[in-house]
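K.L.:
Coordinates in model_0.txt, compact mmCIF, N, CA and C atoms, are listed below.
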```
# COMPACT_ATOMS: atom_id res chain seq x y z
N MET A 1 133.99 32.46 93.15
CA MET A 1 133.80 33.86 93.02
C MET A 1 135.15 34.56 92.97
N ASP A 2 135.28 35.46 92.01
CA ASP A 2 136.54 36.16 91.82
C ASP A 2 136.61 37.35 92.76
N SER A 3 137.68 37.46 93.49
CA SER A 3 137.79 38.53 94.47
C SER A 3 138.60 39.72 93.94
N ARG A 4 138.99 39.71 92.62
CA ARG A 4 139.73 40.84 92.07
C ARG A 4 138.82 42.05 91.95
N LYS A 5 139.37 43.21 92.21
CA LYS A 5 138.60 44.44 92.10
C LYS A 5 139.16 45.26 90.94
N GLY A 6 138.30 46.08 90.30
CA GLY A 6 138.75 46.92 89.20
C GLY A 6 138.01 46.56 87.92
N LEU A 7 138.37 47.26 86.85
CA LEU A 7 137.72 47.08 85.56
C LEU A 7 138.64 46.32 84.61
N SER A 8 138.03 45.51 83.77
CA SER A 8 138.82 44.81 82.77
C SER A 8 139.05 45.73 81.58
N LEU A 9 139.96 45.39 80.72
CA LEU A 9 140.27 46.18 79.53
C LEU A 9 139.04 46.29 78.63
N ILE A 10 138.30 45.22 78.48
CA ILE A 10 137.09 45.22 77.65
C ILE A 10 136.07 46.22 78.20
N GLU A 11 135.88 46.24 79.50
CA GLU A 11 134.92 47.17 80.10
C GLU A 11 135.34 48.62 79.87
N ILE A 12 136.61 48.90 79.94
CA ILE A 12 137.11 50.26 79.71
C ILE A 12 136.90 50.67 78.26
N ILE A 13 137.19 49.77 77.33
CA ILE A 13 137.01 50.07 75.90
C ILE A 13 135.54 50.31 75.58
N VAL A 14 134.66 49.49 76.12
CA VAL A 14 133.22 49.67 75.89
C VAL A 14 132.76 51.02 76.45
N ALA A 15 133.20 51.38 77.63
CA ALA A 15 132.82 52.66 78.23
C ALA A 15 133.32 53.83 77.40
N ILE A 16 134.56 53.77 76.91
CA ILE A 16 135.11 54.85 76.09
C ILE A 16 134.35 54.95 74.77
N THR A 17 134.00 53.83 74.18
CA THR A 17 133.24 53.82 72.93
C THR A 17 131.87 54.47 73.12
N ILE A 18 131.19 54.13 74.19
CA ILE A 18 129.86 54.70 74.46
C ILE A 18 129.98 56.21 74.68
N ILE A 19 130.95 56.63 75.45
CA ILE A 19 131.14 58.06 75.71
C ILE A 19 131.44 58.80 74.40
N THR A 20 132.25 58.22 73.52
CA THR A 20 132.58 58.84 72.24
C THR A 20 131.34 58.99 71.37
N ILE A 21 130.55 57.95 71.27
CA ILE A 21 129.33 57.98 70.45
C ILE A 21 128.37 59.04 70.97
N VAL A 22 128.16 59.09 72.26
CA VAL A 22 127.27 60.09 72.85
C VAL A 22 127.81 61.50 72.62
N SER A 23 129.11 61.70 72.77
CA SER A 23 129.71 63.02 72.57
C SER A 23 129.56 63.51 71.14
N VAL A 24 129.81 62.64 70.18
CA VAL A 24 129.65 63.00 68.77
C VAL A 24 128.19 63.34 68.48
N GLY A 25 127.28 62.55 69.00
CA GLY A 25 125.85 62.82 68.80
C GLY A 25 125.45 64.16 69.37
N ILE A 26 125.92 64.49 70.54
CA ILE A 26 125.60 65.78 71.17
C ILE A 26 126.18 66.93 70.35
N TYR A 27 127.41 66.75 69.86
CA TYR A 27 128.05 67.80 69.06
C TYR A 27 127.25 68.08 67.79
N VAL A 28 126.85 67.03 67.08
CA VAL A 28 126.11 67.19 65.83
C VAL A 28 124.75 67.82 66.10
N VAL A 29 124.06 67.36 67.12
CA VAL A 29 122.73 67.86 67.43
C VAL A 29 122.79 69.29 67.95
N SER A 30 123.85 69.66 68.63
CA SER A 30 123.92 70.99 69.23
C SER A 30 124.20 72.09 68.23
N ASN A 31 124.57 71.77 66.99
CA ASN A 31 124.88 72.80 66.01
C ASN A 31 124.15 72.57 64.68
N PRO A 32 122.82 72.43 64.70
CA PRO A 32 122.14 72.20 63.43
C PRO A 32 122.17 73.44 62.53
N GLY A 33 122.17 74.63 63.13
CA GLY A 33 122.24 75.85 62.33
C GLY A 33 123.52 75.92 61.53
N GLY A 34 124.61 75.57 62.17
CA GLY A 34 125.90 75.57 61.47
C GLY A 34 125.94 74.54 60.36
N GLN A 35 125.35 73.38 60.61
CA GLN A 35 125.30 72.33 59.58
C GLN A 35 124.48 72.80 58.38
N LEU A 36 123.35 73.45 58.65
CA LEU A 36 122.50 73.94 57.55
C LEU A 36 123.18 75.07 56.79
N ALA A 37 123.85 75.96 57.51
CA ALA A 37 124.57 77.05 56.85
C ALA A 37 125.69 76.51 55.97
N ALA A 38 126.40 75.51 56.45
CA ALA A 38 127.46 74.89 55.65
C ALA A 38 126.88 74.24 54.39
N ALA A 39 125.73 73.62 54.52
CA ALA A 39 125.07 73.00 53.37
C ALA A 39 124.65 74.07 52.36
N ARG A 40 124.14 75.21 52.85
CA ARG A 40 123.76 76.30 51.93
C ARG A 40 125.00 76.86 51.22
N ASN A 41 126.11 76.97 51.93
CA ASN A 41 127.34 77.43 51.28
C ASN A 41 127.80 76.45 50.21
N ALA A 42 127.66 75.17 50.47
CA ALA A 42 128.02 74.16 49.46
C ALA A 42 127.13 74.29 48.23
N ARG A 43 125.85 74.57 48.45
CA ARG A 43 124.94 74.77 47.31
C ARG A 43 125.34 76.02 46.54
N ARG A 44 125.71 77.08 47.25
CA ARG A 44 126.14 78.31 46.57
C ARG A 44 127.34 78.02 45.67
N SER A 45 128.28 77.27 46.17
CA SER A 45 129.46 76.92 45.38
C SER A 45 129.06 76.13 44.13
N ALA A 46 128.16 75.17 44.29
CA ALA A 46 127.69 74.39 43.14
C ALA A 46 126.94 75.26 42.15
N ASP A 47 126.12 76.20 42.65
CA ASP A 47 125.40 77.12 41.77
C ASP A 47 126.35 77.97 40.95
N LEU A 48 127.40 78.49 41.60
CA LEU A 48 128.36 79.32 40.88
C LEU A 48 129.09 78.51 39.81
N GLN A 49 129.39 77.25 40.10
CA GLN A 49 130.03 76.39 39.10
C GLN A 49 129.09 76.17 37.92
N THR A 50 127.81 75.94 38.20
CA THR A 50 126.82 75.75 37.14
C THR A 50 126.73 76.99 36.25
N LEU A 51 126.65 78.16 36.88
CA LEU A 51 126.58 79.41 36.13
C LEU A 51 127.83 79.63 35.29
N LEU A 52 128.99 79.38 35.86
CA LEU A 52 130.23 79.62 35.12
C LEU A 52 130.36 78.67 33.93
N ILE A 53 129.93 77.44 34.08
CA ILE A 53 129.95 76.50 32.96
C ILE A 53 129.05 77.00 31.84
N ALA A 54 127.85 77.48 32.19
CA ALA A 54 126.93 78.00 31.17
C ALA A 54 127.52 79.23 30.48
N ILE A 55 128.15 80.10 31.24
CA ILE A 55 128.78 81.30 30.66
C ILE A 55 129.90 80.89 29.72
N ARG A 56 130.71 79.92 30.13
CA ARG A 56 131.81 79.46 29.27
C ARG A 56 131.29 78.79 28.00
N GLU A 57 130.17 78.08 28.10
CA GLU A 57 129.56 77.49 26.90
C GLU A 57 129.10 78.59 25.95
N ASN A 58 128.52 79.66 26.50
CA ASN A 58 128.11 80.80 25.68
C ASN A 58 129.32 81.40 24.98
N VAL A 59 130.40 81.62 25.71
CA VAL A 59 131.62 82.18 25.13
C VAL A 59 132.14 81.27 24.01
N ALA A 60 132.13 79.97 24.24
CA ALA A 60 132.63 79.02 23.24
C ALA A 60 131.80 79.07 21.95
N ASP A 61 130.52 79.40 22.08
CA ASP A 61 129.63 79.45 20.91
C ASP A 61 129.76 80.76 20.12
N GLN A 62 130.46 81.74 20.66
CA GLN A 62 130.60 83.04 19.98
C GLN A 62 131.83 83.03 19.08
N ALA A 63 131.68 83.57 17.89
CA ALA A 63 132.79 83.62 16.93
C ALA A 63 133.95 84.49 17.45
N ASN A 64 133.63 85.51 18.25
CA ASN A 64 134.68 86.42 18.73
C ASN A 64 135.28 85.99 20.07
N GLY A 65 134.79 84.89 20.65
CA GLY A 65 135.32 84.38 21.91
C GLY A 65 134.95 85.23 23.12
N GLN A 66 133.96 86.09 22.96
CA GLN A 66 133.48 86.94 24.05
C GLN A 66 132.09 86.50 24.47
N PHE A 67 131.71 86.82 25.70
CA PHE A 67 130.37 86.48 26.18
C PHE A 67 129.35 87.25 25.36
N GLY A 68 128.41 86.52 24.77
CA GLY A 68 127.40 87.13 23.92
C GLY A 68 126.10 87.33 24.68
N CYS A 69 125.73 88.60 24.87
CA CYS A 69 124.52 88.88 25.63
C CYS A 69 123.96 90.23 25.23
N ALA A 70 122.65 90.30 25.10
CA ALA A 70 122.01 91.56 24.78
C ALA A 70 122.22 92.59 25.88
N ALA A 71 122.51 92.16 27.10
CA ALA A 71 122.75 93.08 28.21
C ALA A 71 124.10 93.78 28.07
N GLY A 72 124.91 93.35 27.12
CA GLY A 72 126.21 93.98 26.90
C GLY A 72 127.34 93.20 27.55
N THR A 73 128.50 93.83 27.57
CA THR A 73 129.67 93.16 28.15
C THR A 73 129.46 92.97 29.65
N LEU A 74 130.18 92.01 30.19
CA LEU A 74 130.08 91.75 31.62
C LEU A 74 130.60 92.96 32.39
N PRO A 75 129.98 93.27 33.52
CA PRO A 75 130.37 94.47 34.27
C PRO A 75 131.77 94.33 34.89
N PRO A 76 132.49 95.46 35.01
CA PRO A 76 133.84 95.44 35.57
C PRO A 76 133.88 95.41 37.10
N THR A 77 132.74 95.59 37.74
CA THR A 77 132.64 95.53 39.20
C THR A 77 131.54 94.54 39.56
N PRO A 78 131.57 93.96 40.76
CA PRO A 78 130.54 92.98 41.14
C PRO A 78 129.13 93.59 41.02
N THR A 79 128.32 92.93 40.21
CA THR A 79 126.96 93.40 39.94
C THR A 79 126.00 92.23 40.08
N ASP A 80 124.88 92.47 40.73
CA ASP A 80 123.87 91.43 40.94
C ASP A 80 123.34 90.94 39.60
N MET A 81 123.16 89.63 39.48
CA MET A 81 122.53 89.05 38.30
C MET A 81 121.04 89.01 38.56
N GLY A 82 120.30 89.88 37.88
CA GLY A 82 118.87 89.94 38.08
C GLY A 82 118.21 90.74 36.98
N SER A 83 116.89 90.78 37.04
CA SER A 83 116.13 91.50 36.01
C SER A 83 115.83 92.94 36.41
N ALA A 84 116.12 93.33 37.64
CA ALA A 84 115.83 94.70 38.10
C ALA A 84 116.82 95.69 37.51
N SER A 85 116.42 96.93 37.52
CA SER A 85 117.28 98.01 37.06
C SER A 85 118.56 98.04 37.90
N GLY A 86 119.70 98.22 37.26
CA GLY A 86 120.97 98.24 37.96
C GLY A 86 121.62 96.88 38.08
N SER A 87 120.90 95.84 37.73
CA SER A 87 121.43 94.47 37.75
C SER A 87 121.91 94.10 36.36
N TYR A 88 122.72 93.05 36.27
CA TYR A 88 123.12 92.53 34.97
C TYR A 88 122.13 91.46 34.57
N ASN A 89 121.39 91.71 33.48
CA ASN A 89 120.31 90.84 33.03
C ASN A 89 120.86 89.68 32.20
N ILE A 90 121.32 88.64 32.89
CA ILE A 90 122.00 87.53 32.23
C ILE A 90 121.06 86.40 31.78
N ALA A 91 119.89 86.31 32.38
CA ALA A 91 118.99 85.17 32.12
C ALA A 91 118.68 84.97 30.64
N PRO A 92 118.30 86.02 29.88
CA PRO A 92 117.98 85.77 28.47
C PRO A 92 119.16 85.22 27.67
N CYS A 93 120.37 85.40 28.18
CA CYS A 93 121.58 84.93 27.49
C CYS A 93 121.92 83.47 27.81
N LEU A 94 121.34 82.94 28.88
CA LEU A 94 121.66 81.58 29.31
C LEU A 94 120.47 80.62 29.29
N VAL A 95 119.27 81.13 29.50
CA VAL A 95 118.07 80.29 29.59
C VAL A 95 117.28 80.43 28.29
N PRO A 96 116.87 79.41 27.62
CA PRO A 96 117.00 77.99 27.90
C PRO A 96 118.16 77.32 27.16
N SER A 97 118.97 78.09 26.43
CA SER A 97 120.03 77.48 25.61
C SER A 97 121.07 76.72 26.43
N TYR A 98 121.44 77.26 27.59
CA TYR A 98 122.51 76.65 28.38
C TYR A 98 122.04 76.12 29.74
N LEU A 99 120.96 76.67 30.25
CA LEU A 99 120.39 76.25 31.54
C LEU A 99 118.87 76.24 31.43
N PRO A 100 118.20 75.30 32.09
CA PRO A 100 116.72 75.33 32.06
C PRO A 100 116.16 76.50 32.88
N VAL A 101 116.80 76.81 33.99
CA VAL A 101 116.47 77.95 34.85
C VAL A 101 117.76 78.42 35.51
N LEU A 102 117.77 79.64 36.00
CA LEU A 102 118.95 80.12 36.72
C LEU A 102 118.90 79.66 38.17
N PRO A 103 120.01 79.20 38.71
CA PRO A 103 120.05 78.88 40.14
C PRO A 103 120.00 80.16 40.95
N VAL A 104 119.43 80.08 42.14
CA VAL A 104 119.34 81.25 43.01
C VAL A 104 119.91 80.93 44.39
N ASP A 105 120.36 81.96 45.08
CA ASP A 105 120.91 81.79 46.42
C ASP A 105 119.85 81.17 47.33
N PRO A 106 120.22 80.14 48.10
CA PRO A 106 119.23 79.43 48.91
C PRO A 106 118.72 80.20 50.12
N ASN A 107 119.35 81.33 50.46
CA ASN A 107 118.94 82.02 51.68
C ASN A 107 118.76 83.52 51.52
N ALA A 108 119.06 84.07 50.37
CA ALA A 108 118.89 85.50 50.15
C ALA A 108 117.40 85.79 50.03
N THR A 109 116.92 86.77 50.77
CA THR A 109 115.48 87.03 50.81
C THR A 109 114.92 87.47 49.46
N SER A 110 115.70 88.17 48.66
CA SER A 110 115.21 88.64 47.37
C SER A 110 115.40 87.63 46.24
N ALA A 111 116.13 86.56 46.48
CA ALA A 111 116.45 85.60 45.42
C ALA A 111 115.22 84.82 44.99
N HIS A 112 114.99 84.82 43.68
CA HIS A 112 113.87 84.07 43.10
C HIS A 112 114.10 83.93 41.60
N TYR A 113 113.44 82.97 41.01
CA TYR A 113 113.44 82.83 39.56
C TYR A 113 112.05 82.43 39.13
N LEU A 114 111.36 83.36 38.46
CA LEU A 114 110.04 83.06 37.91
C LEU A 114 110.10 82.93 36.40
N SER A 115 110.91 83.76 35.76
CA SER A 115 111.08 83.72 34.31
C SER A 115 112.33 84.53 33.97
N VAL A 116 112.68 84.58 32.67
CA VAL A 116 113.86 85.34 32.27
C VAL A 116 113.65 86.84 32.46
N SER A 117 112.41 87.26 32.67
CA SER A 117 112.15 88.68 32.89
C SER A 117 111.80 89.02 34.34
N ASP A 118 111.77 88.01 35.22
CA ASP A 118 111.47 88.24 36.63
C ASP A 118 112.32 87.30 37.48
N TYR A 119 113.48 87.79 37.88
CA TYR A 119 114.38 86.95 38.67
C TYR A 119 115.41 87.81 39.39
N ASP A 120 116.01 87.25 40.40
CA ASP A 120 117.17 87.80 41.10
C ASP A 120 117.92 86.60 41.65
N THR A 121 119.10 86.34 41.14
CA THR A 121 119.85 85.15 41.56
C THR A 121 120.42 85.29 42.96
N GLY A 122 120.66 86.52 43.41
CA GLY A 122 121.36 86.70 44.69
C GLY A 122 122.86 86.52 44.54
N TYR A 123 123.32 86.31 43.31
CA TYR A 123 124.74 86.14 43.03
C TYR A 123 125.25 87.33 42.22
N ASP A 124 126.54 87.61 42.33
CA ASP A 124 127.16 88.72 41.61
C ASP A 124 128.08 88.19 40.52
N ILE A 125 128.27 89.04 39.49
CA ILE A 125 129.16 88.71 38.39
C ILE A 125 130.01 89.92 38.04
N MET A 126 131.22 89.66 37.59
CA MET A 126 132.10 90.72 37.08
C MET A 126 133.17 90.10 36.18
N MET A 127 133.76 90.96 35.33
CA MET A 127 134.89 90.52 34.52
C MET A 127 135.95 91.61 34.61
N ASN A 128 137.15 91.24 35.04
CA ASN A 128 138.22 92.25 35.17
C ASN A 128 138.83 92.55 33.81
N ALA A 129 139.75 93.49 33.79
CA ALA A 129 140.36 93.96 32.54
C ALA A 129 141.11 92.87 31.79
N SER A 130 141.60 91.85 32.51
CA SER A 130 142.32 90.77 31.83
C SER A 130 141.38 89.67 31.33
N GLY A 131 140.07 89.83 31.53
CA GLY A 131 139.10 88.87 31.01
C GLY A 131 138.71 87.77 31.97
N THR A 132 139.16 87.85 33.21
CA THR A 132 138.78 86.84 34.21
C THR A 132 137.37 87.12 34.71
N ILE A 133 136.52 86.13 34.59
CA ILE A 133 135.14 86.24 35.06
C ILE A 133 135.10 85.75 36.50
N THR A 134 134.49 86.53 37.37
CA THR A 134 134.36 86.16 38.77
C THR A 134 132.89 86.18 39.17
N LEU A 135 132.45 85.08 39.74
CA LEU A 135 131.10 84.98 40.29
C LEU A 135 131.24 84.90 41.80
N SER A 136 130.32 85.54 42.52
CA SER A 136 130.40 85.51 43.98
C SER A 136 129.02 85.41 44.60
N ALA A 137 129.00 84.90 45.83
CA ALA A 137 127.78 84.75 46.60
C ALA A 137 127.87 85.69 47.81
N PRO A 138 127.35 86.90 47.70
CA PRO A 138 127.50 87.86 48.79
C PRO A 138 126.75 87.48 50.07
N TYR A 139 125.82 86.54 49.99
CA TYR A 139 125.06 86.14 51.17
C TYR A 139 125.61 84.87 51.82
N ALA A 140 126.85 84.52 51.51
CA ALA A 140 127.47 83.33 52.11
C ALA A 140 127.48 83.47 53.63
N GLU A 141 127.41 82.35 54.31
CA GLU A 141 127.28 82.33 55.76
C GLU A 141 128.54 81.79 56.44
N LEU A 142 128.54 81.85 57.74
CA LEU A 142 129.62 81.35 58.60
C LEU A 142 130.93 82.10 58.37
N GLY A 143 130.83 83.33 57.91
CA GLY A 143 132.03 84.12 57.66
C GLY A 143 132.83 83.66 56.47
N LYS A 144 132.24 82.82 55.64
CA LYS A 144 132.95 82.27 54.47
C LYS A 144 132.77 83.19 53.27
N THR A 145 133.71 83.13 52.35
CA THR A 145 133.63 83.81 51.07
C THR A 145 133.46 82.74 50.01
N VAL A 146 132.38 82.84 49.25
CA VAL A 146 132.13 81.86 48.20
C VAL A 146 132.26 82.61 46.87
N THR A 147 133.37 82.36 46.16
CA THR A 147 133.62 82.97 44.85
C THR A 147 134.20 81.91 43.93
N LEU A 148 134.10 82.21 42.65
CA LEU A 148 134.65 81.33 41.63
C LEU A 148 135.13 82.21 40.48
N SER A 149 136.37 82.01 40.05
CA SER A 149 136.95 82.82 38.98
C SER A 149 137.56 81.93 37.92
N ARG A 150 137.43 82.36 36.68
CA ARG A 150 138.09 81.70 35.55
C ARG A 150 138.23 82.70 34.44
```
Show me the file's structure as structure tokens.

P.N.:
Amino acid sequence: MDSRKGLSLIEIIVAITIITIVSVGIYVVSNPGGQLAAARNARRSADLQTLLIAIRENVADQANGQFGCAAGTLPPTPTDMGSASGSYNIAPCLVPSYLPVLPVDPNATSAHYLSVSDYDTGYDIMMNASGTITLSAPYAELGKTVTLSR
């Protein structure tokens, strides 16, 4: 029988490993809302990229190199992309030629897409005087700003 007292190095490493695993598990489980909000922000970023690619494809197809849309030129200030009055009605210019449907904000209460005449993306669009198009997600969470410009 061994009369030494204390812990071996292996026992200490195993204990530290178990404590680390439990701590990480508790951290992840304790913040599911933050994890979901971060995932929604990632989707918003992907949606804006999808929209900007479709807009750029539209521009590339125009002989004058400008965005071609019956709604007119892109607004100079952030304007909601939707079918309601006061919104920029972009859907007929992108669906179905460039996108099968418009992406919508995953958490904005008014965001929906039923058809090119009944939708609200929950996203904003604008084009500044130098021609830079900016898309933004005003309902981004966790204090983040989700925008994309080109």

K.L.:
Could you check how far atom N of Thr134 of chain A sits from atom C of Leu36 of chain A, in Å to one decimal?

P.N.:
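Going from atom N of Thr134 of chain A over to atom C of Leu36 of chain A covers 25.2 Å.
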
K.L.:
A:Asn41, A:Asn64, A:Thr73, A:Asn58: which is nearest Ala140 of chain A, counting only N, CA and C atoms?

P.N.:
A:Asn41

K.L.:
Which residues are near Asp47 of chain A? Cut-off 8 Å, only N, CA and C atoms, ignore same chain within fewer than 5 positions. Put them as JSON, numbers by chain.

P.N.:
{"A": [41, 42, 52, 53, 102, 103, 104, 105]}

K.L.:
Write the residues of the preceding selection, restricted to N, CA and C atoms, as a CSV table (one decimal), in the frame of the given file.

P.N.:
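Written file, part-v7.csv:
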```csv
chain,number,residue,atom,x,y,z
A,41,ASN,N,126.1,77.0,51.9
A,41,ASN,CA,127.3,77.4,51.3
A,41,ASN,C,127.8,76.4,50.2
A,42,ALA,N,127.7,75.2,50.5
A,42,ALA,CA,128.0,74.2,49.5
A,42,ALA,C,127.1,74.3,48.2
A,52,LEU,N,129.0,79.4,35.9
A,52,LEU,CA,130.2,79.6,35.1
A,52,LEU,C,130.4,78.7,33.9
A,53,ILE,N,129.9,77.4,34.1
A,53,ILE,CA,130.0,76.5,33.0
A,53,ILE,C,129.0,77.0,31.8
A,102,LEU,N,117.8,79.6,36.0
A,102,LEU,CA,119.0,80.1,36.7
A,102,LEU,C,118.9,79.7,38.2
A,103,PRO,N,120.0,79.2,38.7
A,103,PRO,CA,120.0,78.9,40.1
A,103,PRO,C,120.0,80.2,41.0
A,104,VAL,N,119.4,80.1,42.1
A,104,VAL,CA,119.3,81.2,43.0
A,104,VAL,C,119.9,80.9,44.4
A,105,ASP,N,120.4,82.0,45.1
A,105,ASP,CA,120.9,81.8,46.4
A,105,ASP,C,119.8,81.2,47.3
```

K.L.:
Of the candidates A:Ala37, A:Cys93, A:Ile125, A:Leu48, which shows the shortest atom-to-atom distance to Thr79 of chain A, using only N, CA and C atoms?

P.N.:
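Smallest distance to Thr79 of chain A is found for A:Ile125.
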
K.L.:
Would you please work out which residue, of A:Ile10, A:Gly122, A:Ala54, A:Val146, is nearest to Leu99 of chain A when using all atoms listed in the file?

P.N.:
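Closest to Leu99 of chain A, using all atoms listed in the file: A:Ala54.
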
K.L.:
Step one, run DSSP on the backbone; step two, keep only residues of chain A assigned to alpha helix (DSSP H); then write them as a VMD selection string.

P.N.:
chain A and resid 9 to 30 32 to 61 91 to 94

K.L.:
Counting only N, CA and C atoms, write as an MDAnalysis selection string all protein and nucleic acid residues lying at most 7 Å from (134.1, 95.5, 35.6) in the file's frame.

P.N.:
chainID A and resid 74:78 126:129

K.L.:
Restricting the calculation to only N, CA and C atoms: of A:Gln49, A:Leu148, A:Ile55, A:Lys5, which residue gets closest to Phe67 of chain A?

P.N.:
A:Ile55

K.L.:
So which residues touch Pro96 of chain A within 12 Å, counting only C-alpha atoms, skipping near sequence neighbours fewer than 4 positions away, as a PDB file with N, CA and C atoms, in the coordinates of the input?

P.N.:
```pdb
ATOM      1  N   ALA A  54     127.850  77.480  32.190  1.00  0.00           N
ATOM      2  CA  ALA A  54     126.930  78.000  31.170  1.00  0.00           C
ATOM      3  C   ALA A  54     127.520  79.230  30.480  1.00  0.00           C
ATOM      4  N   ASN A  58     128.520  79.660  26.500  1.00  0.00           N
ATOM      5  CA  ASN A  58     128.110  80.800  25.680  1.00  0.00           C
ATOM      6  C   ASN A  58     129.320  81.400  24.980  1.00  0.00           C
ATOM      7  N   ILE A  90     121.320  88.640  32.890  1.00  0.00           N
ATOM      8  CA  ILE A  90     122.000  87.530  32.230  1.00  0.00           C
ATOM      9  C   ILE A  90     121.060  86.400  31.780  1.00  0.00           C
ATOM     10  N   ALA A  91     119.890  86.310  32.380  1.00  0.00           N
ATOM     11  CA  ALA A  91     118.990  85.170  32.120  1.00  0.00           C
ATOM     12  C   ALA A  91     118.680  84.970  30.640  1.00  0.00           C
ATOM     13  N   PRO A  92     118.300  86.020  29.880  1.00  0.00           N
ATOM     14  CA  PRO A  92     117.980  85.770  28.470  1.00  0.00           C
ATOM     15  C   PRO A  92     119.160  85.220  27.670  1.00  0.00           C
ATOM     16  N   PRO A 100     118.200  75.300  32.090  1.00  0.00           N
ATOM     17  CA  PRO A 100     116.720  75.330  32.060  1.00  0.00           C
ATOM     18  C   PRO A 100     116.160  76.500  32.880  1.00  0.00           C
ATOM     19  N   VAL A 101     116.800  76.810  33.990  1.00  0.00           N
ATOM     20  CA  VAL A 101     116.470  77.950  34.850  1.00  0.00           C
ATOM     21  C   VAL A 101     117.760  78.420  35.510  1.00  0.00           C
ATOM     22  N   LEU A 102     117.770  79.640  36.000  1.00  0.00           N
ATOM     23  CA  LEU A 102     118.950  80.120  36.720  1.00  0.00           C
ATOM     24  C   LEU A 102     118.900  79.660  38.170  1.00  0.00           C
ATOM     25  N   SER A 115     110.910  83.760  35.760  1.00  0.00           N
ATOM     26  CA  SER A 115     111.080  83.720  34.310  1.00  0.00           C
ATOM     27  C   SER A 115     112.330  84.530  33.970  1.00  0.00           C
ATOM     28  N   VAL A 116     112.680  84.580  32.670  1.00  0.00           N
ATOM     29  CA  VAL A 116     113.860  85.340  32.270  1.00  0.00           C
ATOM     30  C   VAL A 116     113.650  86.840  32.460  1.00  0.00           C
TER      31      VAL A 116
END
```

K.L.:
Taking into account only C-alpha atoms, which residue in the set A:Ser136, A:Thr50, A:Asn31, A:Ser149 is nearest to Tyr123 of chain A?

P.N.:
A:Ser136

K.L.:
Using Å and a single decimal, report how far atom CA of Ser30 of chain A sits from atom C of Pro138 of chain A.

P.N.:
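Rounded to one decimal, the two atoms are 25.4 Å apart.
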
K.L.:
Could you please determine the separation between atom C of Asn107 of chain A and atom C of Pro32 of chain A in Å, to one decimal place?

P.N.:
15.3 Å

K.L.:
Go through A:Thr20, A:Ser83, A:Asn89, A:Gln35 and flag the residue nearest Cys69 of chain A, using only N, CA and C atoms for the distances.

P.N.:
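Distance minimum relative to Cys69 of chain A lands on A:Asn89.
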
K.L.:
Kindly provide, as lines of an AutoDock Vina configuration file, the centre and edge lengths (Å, one decimal) of an axis-aligned box around all atoms of segment 11-19 of chain A given in the file, with 8 Å on each side.

P.N.:
```
center_x = 133.5
center_y = 52.5
center_z = 76.5
size_x = 23.3
size_y = 28.6
size_z = 23.2
```

K.L.:
Where does DSSP see strand (DSSP E or B) in segment 42-138 of chain A, if you list the residues as a list in words?

P.N.:
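Reading the DSSP output for segment 42-138 of chain A, strand (DSSP E or B) covers Thr79, Asp80, Met81, Gly82, Tyr88, His112, Tyr113, Leu114, Ser115, Asp118, Tyr119, Asp120, Thr121, Gly122, Tyr123, Asp124, Ile125, Met126, Met127, Ile133, Thr134, Leu135, Ser136 and Ala137 of chain A.
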